[in-house]
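Here the structure comes first, spelled out in structure tokens, and everything after it is commentary.
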Amino acid sequence: MNSIALIGMMSTLAAGLCIGIGAVGSAIGEGMAAAAALRSIAQQPDQTSTITRTLFVSMAMIESTAIYAFVVSMILIFANPFWEYAIKAGG
Amino acid sequence: MKISPDQYLIFDWGWGRLNATIVFSWLIMSVLVGGAWLICRKLTDGAKMTPWQNLLEVIVGGIAGHIEDITHRSPYPFLPFVGTLFLFILFSNVLAVVPYFMPPTGSISTTTAFALLVFVAVPSFGLSTRSLRNYLKDYMKPTPLMLPFNILGELTRTFALAVRLYGNIMSSTVIGLVLLIVMPLFFPVIMQALGLLTGVIQAYIFALLAMVYIASALQKDDDPKSTS
């Protein structure tokens, strides 16, 4: 197996693992945040607008880790620096 | 596969080179400015108004109300900055469903520019209400030991602001492309509709986070004892 095939294989595997494992934590976190927000809306329906706004902000914060994982896996697949280096060195 | 609108050259002539990001940014800017100019030519303060003026009043009033909810002070110093960010990102994200339109927010250079604007705007709005000494003291809270973490937090939240918007918009474009390869018949339409929802929420979140960051740098006029 030459190095280009190895780099391609490992990059694809790493991209899959990256987004697969990276999404878990933020999914659990968002679920907990949404559950807590729904519970407090049920308790205090008057505060719905404040709770929803805070929920959006915290969702965005929580989600950003998953977005980082996604961006890294996109880089691994579409703009892999090692891959281009190996192609340049090989050819 | 090209995942960034930076890589599409629309105009390439000698030294002049325009990529899709610049062209579509200017398109959105001209639509926003030109539309506002057209509507504002015949403003009235009476009860009879054109539907377009009503629309603009609803938009501006809604944004001002939201800002007032967050800062608990007059929204008008912040309205131009935050409102412009919101409207530009909203237009760019919503127009992403138009064929051949590549949203400029799907390019990391645009979102980095926005994040840097927020990064500069936070201390400048903060310094307009309080002294430099008072402002810098915020970095020493709760203890001076937290100084490096506060500075690091300032930098990483700028980075997060840029990458969040970029990642969300770019992901909906990439998912559309990938689904076109896998199952081209009906499913990409659903993902496009989902991308519309994500785009609106991301525009809201970007403006909201910018406003929250600015509000956190402003003078705190109520001491912690009086807030219950």
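Chain lettering (A, B, ...) mirrors the order of the structure tokens, residue numbering begins at 1 for each chain separately, and ligand numbering begins at 1 in order of display.
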List every residue of chain B that has an atom at most 12 Å from any atom of chain A, and for each one report the closest atom pair and its distance in Å to one decimal, counting only C-alpha atoms, with rows sorted by chain and then by increasing residue number, as a Markdown table.
```
| residue | atom | partner | partner_atom | distance |
| --- | --- | --- | --- | --- |
| B:Met1 | CA | A:Phe78 | CA | 7.2 |
| B:Lys2 | CA | A:Phe78 | CA | 8.3 |
| B:Ile3 | CA | A:Phe78 | CA | 7.9 |
| B:Ser4 | CA | A:Phe78 | CA | 10.6 |
| B:His66 | CA | A:Arg53 | CA | 9.6 |
| B:Ile67 | CA | A:Arg53 | CA | 11.6 |
| B:Asp69 | CA | A:Thr50 | CA | 8.6 |
| B:Ile70 | CA | A:Thr50 | CA | 9.2 |
| B:Ile108 | CA | A:Val71 | CA | 10.9 |
| B:Thr156 | CA | A:Ser64 | CA | 11.4 |
| B:Arg157 | CA | A:Met61 | CA | 9.4 |
| B:Phe159 | CA | A:Ser64 | CA | 10.5 |
| B:Ala160 | CA | A:Ser64 | CA | 6.9 |
| B:Leu161 | CA | A:Ser64 | CA | 8.7 |
| B:Ala162 | CA | A:Ser64 | CA | 10.4 |
| B:Val163 | CA | A:Tyr68 | CA | 7.3 |
| B:Arg164 | CA | A:Ser64 | CA | 5.8 |
| B:Leu165 | CA | A:Ile67 | CA | 9.2 |
| B:Tyr166 | CA | A:Val71 | CA | 8.9 |
| B:Gly167 | CA | A:Ile67 | CA | 5.9 |
| B:Asn168 | CA | A:Ile67 | CA | 7.2 |
| B:Ile169 | CA | A:Ile67 | CA | 10.6 |
| B:Met170 | CA | A:Val71 | CA | 9.0 |
| B:Ser171 | CA | A:Phe70 | CA | 8.1 |
| B:Ser172 | CA | A:Phe70 | CA | 11.6 |
| B:Val174 | CA | A:Met74 | CA | 9.2 |
| B:Ile175 | CA | A:Met74 | CA | 11.1 |
| B:Thr198 | CA | A:Ala60 | CA | 11.2 |
| B:Ile201 | CA | A:Phe56 | CA | 8.4 |
| B:Gln202 | CA | A:Ala60 | CA | 8.3 |
| B:Ala203 | CA | A:Ala60 | CA | 11.2 |
| B:Tyr204 | CA | A:Phe56 | CA | 8.9 |
| B:Ile205 | CA | A:Val57 | CA | 6.4 |
| B:Phe206 | CA | A:Ala60 | CA | 9.0 |
| B:Ala207 | CA | A:Val57 | CA | 10.4 |
| B:Leu208 | CA | A:Val57 | CA | 7.4 |
| B:Leu209 | CA | A:Val57 | CA | 6.9 |
| B:Ala210 | CA | A:Val57 | CA | 10.7 |
| B:Met211 | CA | A:Val57 | CA | 11.0 |
| B:Val212 | CA | A:Val57 | CA | 9.2 |
| B:Tyr213 | CA | A:Val57 | CA | 11.4 |
```
With N, CA and C atoms kept, could you save the residues just selected as a compact mmCIF listing (two decimals), in the first residue's frame?
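Saved result, again-v5.txt, follows:
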```txt
# COMPACT_ATOMS: atom_id res chain seq x y z
N MET B 1 -14.08 18.96 -5.60
CA MET B 1 -15.31 19.65 -5.22
C MET B 1 -14.98 20.97 -4.54
N LYS B 2 -15.69 22.02 -4.96
CA LYS B 2 -15.43 23.34 -4.38
C LYS B 2 -16.44 23.59 -3.26
N ILE B 3 -15.95 23.76 -2.05
CA ILE B 3 -16.89 23.94 -0.96
C ILE B 3 -17.00 25.39 -0.53
N SER B 4 -16.18 26.26 -1.09
CA SER B 4 -16.25 27.66 -0.66
C SER B 4 -16.53 28.54 -1.87
N HIS B 66 -35.96 43.88 20.65
CA HIS B 66 -35.10 42.79 21.11
C HIS B 66 -33.87 43.31 21.82
N ILE B 67 -33.25 44.36 21.21
CA ILE B 67 -32.03 44.91 21.81
C ILE B 67 -32.35 45.50 23.18
N ASP B 69 -34.66 44.53 25.18
CA ASP B 69 -34.85 43.43 26.14
C ASP B 69 -33.52 42.95 26.69
N ILE B 70 -32.48 42.95 25.85
CA ILE B 70 -31.20 42.39 26.29
C ILE B 70 -30.44 43.40 27.14
N ILE B 108 -15.39 31.44 4.76
CA ILE B 108 -14.84 31.76 6.08
C ILE B 108 -14.30 33.18 6.13
N THR B 156 -11.23 33.34 21.81
CA THR B 156 -11.90 32.13 21.31
C THR B 156 -13.35 32.40 20.97
N ARG B 157 -13.99 33.35 21.66
CA ARG B 157 -15.39 33.58 21.30
C ARG B 157 -15.49 34.27 19.95
N PHE B 159 -13.36 33.64 17.49
CA PHE B 159 -13.14 32.51 16.58
C PHE B 159 -14.42 31.67 16.46
N ALA B 160 -15.07 31.42 17.61
CA ALA B 160 -16.28 30.60 17.59
C ALA B 160 -17.39 31.27 16.81
N LEU B 161 -17.48 32.60 16.93
CA LEU B 161 -18.51 33.34 16.19
C LEU B 161 -18.33 33.14 14.68
N ALA B 162 -17.06 33.22 14.24
CA ALA B 162 -16.80 33.07 12.81
C ALA B 162 -17.08 31.65 12.36
N VAL B 163 -16.54 30.67 13.10
CA VAL B 163 -16.63 29.29 12.63
C VAL B 163 -18.05 28.76 12.74
N ARG B 164 -18.81 29.26 13.71
CA ARG B 164 -20.19 28.76 13.86
C ARG B 164 -21.02 29.12 12.64
N LEU B 165 -20.99 30.38 12.26
CA LEU B 165 -21.78 30.80 11.10
C LEU B 165 -21.29 30.10 9.83
N TYR B 166 -19.96 30.09 9.65
CA TYR B 166 -19.40 29.45 8.46
C TYR B 166 -19.79 27.97 8.41
N GLY B 167 -19.62 27.27 9.53
CA GLY B 167 -19.87 25.84 9.55
C GLY B 167 -21.32 25.52 9.25
N ASN B 168 -22.24 26.29 9.82
CA ASN B 168 -23.64 26.01 9.59
C ASN B 168 -24.03 26.22 8.14
N ILE B 169 -23.62 27.34 7.56
CA ILE B 169 -24.05 27.63 6.19
C ILE B 169 -23.35 26.70 5.22
N MET B 170 -22.03 26.49 5.45
CA MET B 170 -21.29 25.59 4.57
C MET B 170 -21.85 24.19 4.66
N SER B 171 -22.27 23.76 5.87
CA SER B 171 -22.75 22.39 6.00
C SER B 171 -24.03 22.20 5.22
N SER B 172 -24.91 23.21 5.18
CA SER B 172 -26.15 22.97 4.43
C SER B 172 -25.85 22.90 2.94
N VAL B 174 -22.99 21.74 1.63
CA VAL B 174 -22.32 20.47 1.38
C VAL B 174 -23.30 19.31 1.47
N ILE B 175 -24.24 19.39 2.44
CA ILE B 175 -25.21 18.31 2.57
C ILE B 175 -26.09 18.24 1.33
N THR B 198 -32.24 26.78 9.47
CA THR B 198 -30.94 26.98 10.13
C THR B 198 -30.39 28.36 9.82
N ILE B 201 -32.13 30.99 11.92
CA ILE B 201 -31.73 30.88 13.33
C ILE B 201 -30.29 31.35 13.51
N GLN B 202 -29.42 31.03 12.54
CA GLN B 202 -28.02 31.45 12.69
C GLN B 202 -27.88 32.96 12.59
N ALA B 203 -28.68 33.59 11.70
CA ALA B 203 -28.64 35.05 11.62
C ALA B 203 -29.07 35.65 12.95
N TYR B 204 -30.14 35.10 13.52
CA TYR B 204 -30.63 35.58 14.81
C TYR B 204 -29.57 35.39 15.88
N ILE B 205 -28.95 34.21 15.89
CA ILE B 205 -27.97 33.92 16.93
C ILE B 205 -26.75 34.81 16.80
N PHE B 206 -26.32 35.06 15.56
CA PHE B 206 -25.13 35.90 15.39
C PHE B 206 -25.39 37.30 15.94
N ALA B 207 -26.54 37.86 15.55
CA ALA B 207 -26.85 39.21 16.03
C ALA B 207 -27.04 39.21 17.54
N LEU B 208 -27.69 38.16 18.05
CA LEU B 208 -27.94 38.09 19.49
C LEU B 208 -26.65 37.98 20.27
N LEU B 209 -25.73 37.13 19.79
CA LEU B 209 -24.46 36.98 20.50
C LEU B 209 -23.65 38.26 20.45
N ALA B 210 -23.66 38.93 19.27
CA ALA B 210 -22.95 40.21 19.18
C ALA B 210 -23.51 41.18 20.20
N MET B 211 -24.84 41.21 20.30
CA MET B 211 -25.48 42.13 21.25
C MET B 211 -25.16 41.75 22.69
N VAL B 212 -25.15 40.45 22.98
CA VAL B 212 -24.85 40.02 24.35
C VAL B 212 -23.42 40.37 24.72
N TYR B 213 -22.49 40.20 23.76
CA TYR B 213 -21.10 40.54 24.04
C TYR B 213 -20.95 42.04 24.28
```
Item to complete: If you run DSSP over the backbone, which residues in stretch 57-104 of chain B end up alpha helix (DSSP H)? Put them as a PyMOL selection string.
Response: chain B and resi 57-71+79-94
Go ahead and write the selection's residues with N, CA and C atoms as a PDB file, in the first residue's frame.
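Contents of the output file out-v9.pdb:
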```pdb
ATOM      1  N   GLU B  57     -40.909  49.375   9.267  1.00  0.00           N
ATOM      2  CA  GLU B  57     -41.131  49.766  10.657  1.00  0.00           C
ATOM      3  C   GLU B  57     -41.226  48.543  11.550  1.00  0.00           C
ATOM      4  N   VAL B  58     -41.871  47.487  11.020  1.00  0.00           N
ATOM      5  CA  VAL B  58     -41.967  46.254  11.813  1.00  0.00           C
ATOM      6  C   VAL B  58     -40.577  45.681  12.073  1.00  0.00           C
ATOM      7  N   ILE B  59     -39.726  45.658  11.004  1.00  0.00           N
ATOM      8  CA  ILE B  59     -38.387  45.081  11.158  1.00  0.00           C
ATOM      9  C   ILE B  59     -37.560  45.888  12.148  1.00  0.00           C
ATOM     10  N   VAL B  60     -37.507  47.215  11.918  1.00  0.00           N
ATOM     11  CA  VAL B  60     -36.661  48.053  12.770  1.00  0.00           C
ATOM     12  C   VAL B  60     -37.181  48.052  14.200  1.00  0.00           C
ATOM     13  N   GLY B  61     -38.517  48.158  14.335  1.00  0.00           N
ATOM     14  CA  GLY B  61     -39.072  48.150  15.687  1.00  0.00           C
ATOM     15  C   GLY B  61     -38.843  46.836  16.403  1.00  0.00           C
ATOM     16  N   GLY B  62     -38.932  45.724  15.649  1.00  0.00           N
ATOM     17  CA  GLY B  62     -38.696  44.416  16.265  1.00  0.00           C
ATOM     18  C   GLY B  62     -37.270  44.277  16.742  1.00  0.00           C
ATOM     19  N   ILE B  63     -36.312  44.698  15.899  1.00  0.00           N
ATOM     20  CA  ILE B  63     -34.905  44.588  16.294  1.00  0.00           C
ATOM     21  C   ILE B  63     -34.637  45.488  17.500  1.00  0.00           C
ATOM     22  N   ALA B  64     -35.207  46.710  17.465  1.00  0.00           N
ATOM     23  CA  ALA B  64     -34.983  47.630  18.588  1.00  0.00           C
ATOM     24  C   ALA B  64     -35.561  47.056  19.873  1.00  0.00           C
ATOM     25  N   GLY B  65     -36.743  46.432  19.783  1.00  0.00           N
ATOM     26  CA  GLY B  65     -37.343  45.845  20.978  1.00  0.00           C
ATOM     27  C   GLY B  65     -36.505  44.731  21.552  1.00  0.00           C
ATOM     28  N   HIS B  66     -35.959  43.879  20.651  1.00  0.00           N
ATOM     29  CA  HIS B  66     -35.104  42.786  21.113  1.00  0.00           C
ATOM     30  C   HIS B  66     -33.870  43.310  21.823  1.00  0.00           C
ATOM     31  N   ILE B  67     -33.255  44.361  21.211  1.00  0.00           N
ATOM     32  CA  ILE B  67     -32.034  44.913  21.813  1.00  0.00           C
ATOM     33  C   ILE B  67     -32.353  45.503  23.180  1.00  0.00           C
ATOM     34  N   GLU B  68     -33.520  46.157  23.268  1.00  0.00           N
ATOM     35  CA  GLU B  68     -33.883  46.756  24.546  1.00  0.00           C
ATOM     36  C   GLU B  68     -34.112  45.681  25.606  1.00  0.00           C
ATOM     37  N   ASP B  69     -34.664  44.535  25.182  1.00  0.00           N
ATOM     38  CA  ASP B  69     -34.854  43.428  26.136  1.00  0.00           C
ATOM     39  C   ASP B  69     -33.522  42.951  26.692  1.00  0.00           C
ATOM     40  N   ILE B  70     -32.485  42.951  25.846  1.00  0.00           N
ATOM     41  CA  ILE B  70     -31.199  42.394  26.289  1.00  0.00           C
ATOM     42  C   ILE B  70     -30.444  43.397  27.142  1.00  0.00           C
ATOM     43  N   THR B  71     -30.398  44.669  26.674  1.00  0.00           N
ATOM     44  CA  THR B  71     -29.519  45.619  27.356  1.00  0.00           C
ATOM     45  C   THR B  71     -30.219  46.402  28.449  1.00  0.00           C
ATOM     46  N   LEU B  79     -28.482  49.832  17.415  1.00  0.00           N
ATOM     47  CA  LEU B  79     -29.363  49.366  16.344  1.00  0.00           C
ATOM     48  C   LEU B  79     -28.691  49.336  14.976  1.00  0.00           C
ATOM     49  N   PRO B  80     -27.935  50.375  14.563  1.00  0.00           N
ATOM     50  CA  PRO B  80     -27.339  50.303  13.224  1.00  0.00           C
ATOM     51  C   PRO B  80     -26.391  49.123  13.058  1.00  0.00           C
ATOM     52  N   PHE B  81     -25.512  48.915  14.028  1.00  0.00           N
ATOM     53  CA  PHE B  81     -24.510  47.842  13.893  1.00  0.00           C
ATOM     54  C   PHE B  81     -25.159  46.458  13.913  1.00  0.00           C
ATOM     55  N   VAL B  82     -25.907  46.187  14.975  1.00  0.00           N
ATOM     56  CA  VAL B  82     -26.472  44.845  15.120  1.00  0.00           C
ATOM     57  C   VAL B  82     -27.535  44.574  14.065  1.00  0.00           C
ATOM     58  N   GLY B  83     -28.338  45.603  13.757  1.00  0.00           N
ATOM     59  CA  GLY B  83     -29.371  45.411  12.757  1.00  0.00           C
ATOM     60  C   GLY B  83     -28.792  45.143  11.379  1.00  0.00           C
ATOM     61  N   THR B  84     -27.711  45.837  11.047  1.00  0.00           N
ATOM     62  CA  THR B  84     -27.088  45.598   9.743  1.00  0.00           C
ATOM     63  C   THR B  84     -26.521  44.198   9.658  1.00  0.00           C
ATOM     64  N   LEU B  85     -25.836  43.783  10.727  1.00  0.00           N
ATOM     65  CA  LEU B  85     -25.309  42.406  10.740  1.00  0.00           C
ATOM     66  C   LEU B  85     -26.437  41.412  10.536  1.00  0.00           C
ATOM     67  N   PHE B  86     -27.533  41.595  11.291  1.00  0.00           N
ATOM     68  CA  PHE B  86     -28.643  40.647  11.226  1.00  0.00           C
ATOM     69  C   PHE B  86     -29.241  40.611   9.826  1.00  0.00           C
ATOM     70  N   LEU B  87     -29.513  41.799   9.260  1.00  0.00           N
ATOM     71  CA  LEU B  87     -30.192  41.813   7.962  1.00  0.00           C
ATOM     72  C   LEU B  87     -29.302  41.239   6.872  1.00  0.00           C
ATOM     73  N   PHE B  88     -28.009  41.573   6.913  1.00  0.00           N
ATOM     74  CA  PHE B  88     -27.114  41.051   5.871  1.00  0.00           C
ATOM     75  C   PHE B  88     -27.043  39.527   5.953  1.00  0.00           C
ATOM     76  N   ILE B  89     -26.839  38.995   7.157  1.00  0.00           N
ATOM     77  CA  ILE B  89     -26.704  37.540   7.289  1.00  0.00           C
ATOM     78  C   ILE B  89     -28.018  36.864   6.949  1.00  0.00           C
ATOM     79  N   LEU B  90     -29.133  37.487   7.361  1.00  0.00           N
ATOM     80  CA  LEU B  90     -30.438  36.890   7.068  1.00  0.00           C
ATOM     81  C   LEU B  90     -30.661  36.813   5.564  1.00  0.00           C
ATOM     82  N   PHE B  91     -30.407  37.915   4.868  1.00  0.00           N
ATOM     83  CA  PHE B  91     -30.609  37.916   3.414  1.00  0.00           C
ATOM     84  C   PHE B  91     -29.708  36.876   2.756  1.00  0.00           C
ATOM     85  N   SER B  92     -28.447  36.878   3.187  1.00  0.00           N
ATOM     86  CA  SER B  92     -27.504  35.961   2.561  1.00  0.00           C
ATOM     87  C   SER B  92     -27.934  34.509   2.772  1.00  0.00           C
ATOM     88  N   ASN B  93     -28.401  34.182   3.983  1.00  0.00           N
ATOM     89  CA  ASN B  93     -28.761  32.796   4.262  1.00  0.00           C
ATOM     90  C   ASN B  93     -30.052  32.395   3.583  1.00  0.00           C
ATOM     91  N   VAL B  94     -31.008  33.309   3.538  1.00  0.00           N
ATOM     92  CA  VAL B  94     -32.300  32.951   2.955  1.00  0.00           C
ATOM     93  C   VAL B  94     -32.193  32.837   1.440  1.00  0.00           C
TER      94      VAL B  94
END
```
Practice prompt. Would you mind listing what lies within 10 Å of A:Ala33 as a list in words, with only C-alpha atoms counted and same-chain residues fewer than 4 positions away left out?
Written response: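 Contacts, in chain order: Ala27, Ile28, Gly29, Ala37, Leu38, Arg39, Leu55, Phe56, Ser58, Met59 and Ile62 of chain A.
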Discussion item. Between atom CA of B:Gln192 and atom CA of B:Thr173, what distance in Å does the model show, to one decimal?
Written reply: 8.4 Å
Discussion item. I'd like the neighbourhood of B:Gln219 as a VMD selection string, where a residue qualifies if any of its atoms comes within 9 Å (using only C-alpha atoms), though same-chain residues fewer than 6 positions away should be ignored.
Written reply: chain B and resid 126 to 127 129 to 130 134 to 135
Discussion item. Show me, as a ChimeraX atom specification, the residues that have an atom within 12 Å of A:Phe82 when counting only C-alpha atoms, minus same-chain residues fewer than 6 positions from it.
Written reply: /A:3-8,10-11,75-76,88-90
What does the file look like for those residues with N, CA and C atoms, as a PDB file, in the first residue's frame?
```pdb
ATOM      1  N   SER A   3       1.765   5.444   0.054  1.00  0.00           N
ATOM      2  CA  SER A   3       1.429   6.383   1.117  1.00  0.00           C
ATOM      3  C   SER A   3       0.173   7.182   0.793  1.00  0.00           C
ATOM      4  N   ILE A   4      -0.092   7.414  -0.508  1.00  0.00           N
ATOM      5  CA  ILE A   4      -1.284   8.206  -0.848  1.00  0.00           C
ATOM      6  C   ILE A   4      -2.550   7.443  -0.471  1.00  0.00           C
ATOM      7  N   ALA A   5      -2.580   6.146  -0.782  1.00  0.00           N
ATOM      8  CA  ALA A   5      -3.748   5.348  -0.423  1.00  0.00           C
ATOM      9  C   ALA A   5      -3.909   5.300   1.086  1.00  0.00           C
ATOM     10  N   LEU A   6      -2.773   5.185   1.791  1.00  0.00           N
ATOM     11  CA  LEU A   6      -2.838   5.122   3.251  1.00  0.00           C
ATOM     12  C   LEU A   6      -3.386   6.428   3.825  1.00  0.00           C
ATOM     13  N   ILE A   7      -2.898   7.550   3.273  1.00  0.00           N
ATOM     14  CA  ILE A   7      -3.365   8.850   3.769  1.00  0.00           C
ATOM     15  C   ILE A   7      -4.848   9.020   3.487  1.00  0.00           C
ATOM     16  N   GLY A   8      -5.277   8.620   2.293  1.00  0.00           N
ATOM     17  CA  GLY A   8      -6.691   8.742   1.952  1.00  0.00           C
ATOM     18  C   GLY A   8      -7.556   7.904   2.866  1.00  0.00           C
ATOM     19  N   MET A  10      -6.863   6.713   5.925  1.00  0.00           N
ATOM     20  CA  MET A  10      -6.875   7.170   7.310  1.00  0.00           C
ATOM     21  C   MET A  10      -7.628   8.495   7.449  1.00  0.00           C
ATOM     22  N   SER A  11      -7.553   9.354   6.417  1.00  0.00           N
ATOM     23  CA  SER A  11      -8.284  10.626   6.502  1.00  0.00           C
ATOM     24  C   SER A  11      -9.777  10.397   6.515  1.00  0.00           C
ATOM     25  N   ILE A  75     -12.416  19.473   6.516  1.00  0.00           N
ATOM     26  CA  ILE A  75     -11.038  19.755   6.106  1.00  0.00           C
ATOM     27  C   ILE A  75     -10.328  18.453   5.770  1.00  0.00           C
ATOM     28  N   LEU A  76     -10.556  17.425   6.591  1.00  0.00           N
ATOM     29  CA  LEU A  76      -9.897  16.143   6.350  1.00  0.00           C
ATOM     30  C   LEU A  76     -10.307  15.554   5.016  1.00  0.00           C
ATOM     31  N   LYS A  88       2.059  16.001  -4.104  1.00  0.00           N
ATOM     32  CA  LYS A  88       3.120  16.829  -4.649  1.00  0.00           C
ATOM     33  C   LYS A  88       4.459  16.105  -4.551  1.00  0.00           C
ATOM     34  N   ALA A  89       4.674  15.420  -3.432  1.00  0.00           N
ATOM     35  CA  ALA A  89       5.937  14.719  -3.233  1.00  0.00           C
ATOM     36  C   ALA A  89       6.036  13.503  -4.138  1.00  0.00           C
ATOM     37  N   GLY A  90       4.882  12.815  -4.357  1.00  0.00           N
ATOM     38  CA  GLY A  90       4.910  11.602  -5.160  1.00  0.00           C
ATOM     39  C   GLY A  90       4.976  11.896  -6.644  1.00  0.00           C
TER      40      GLY A  90
END
```
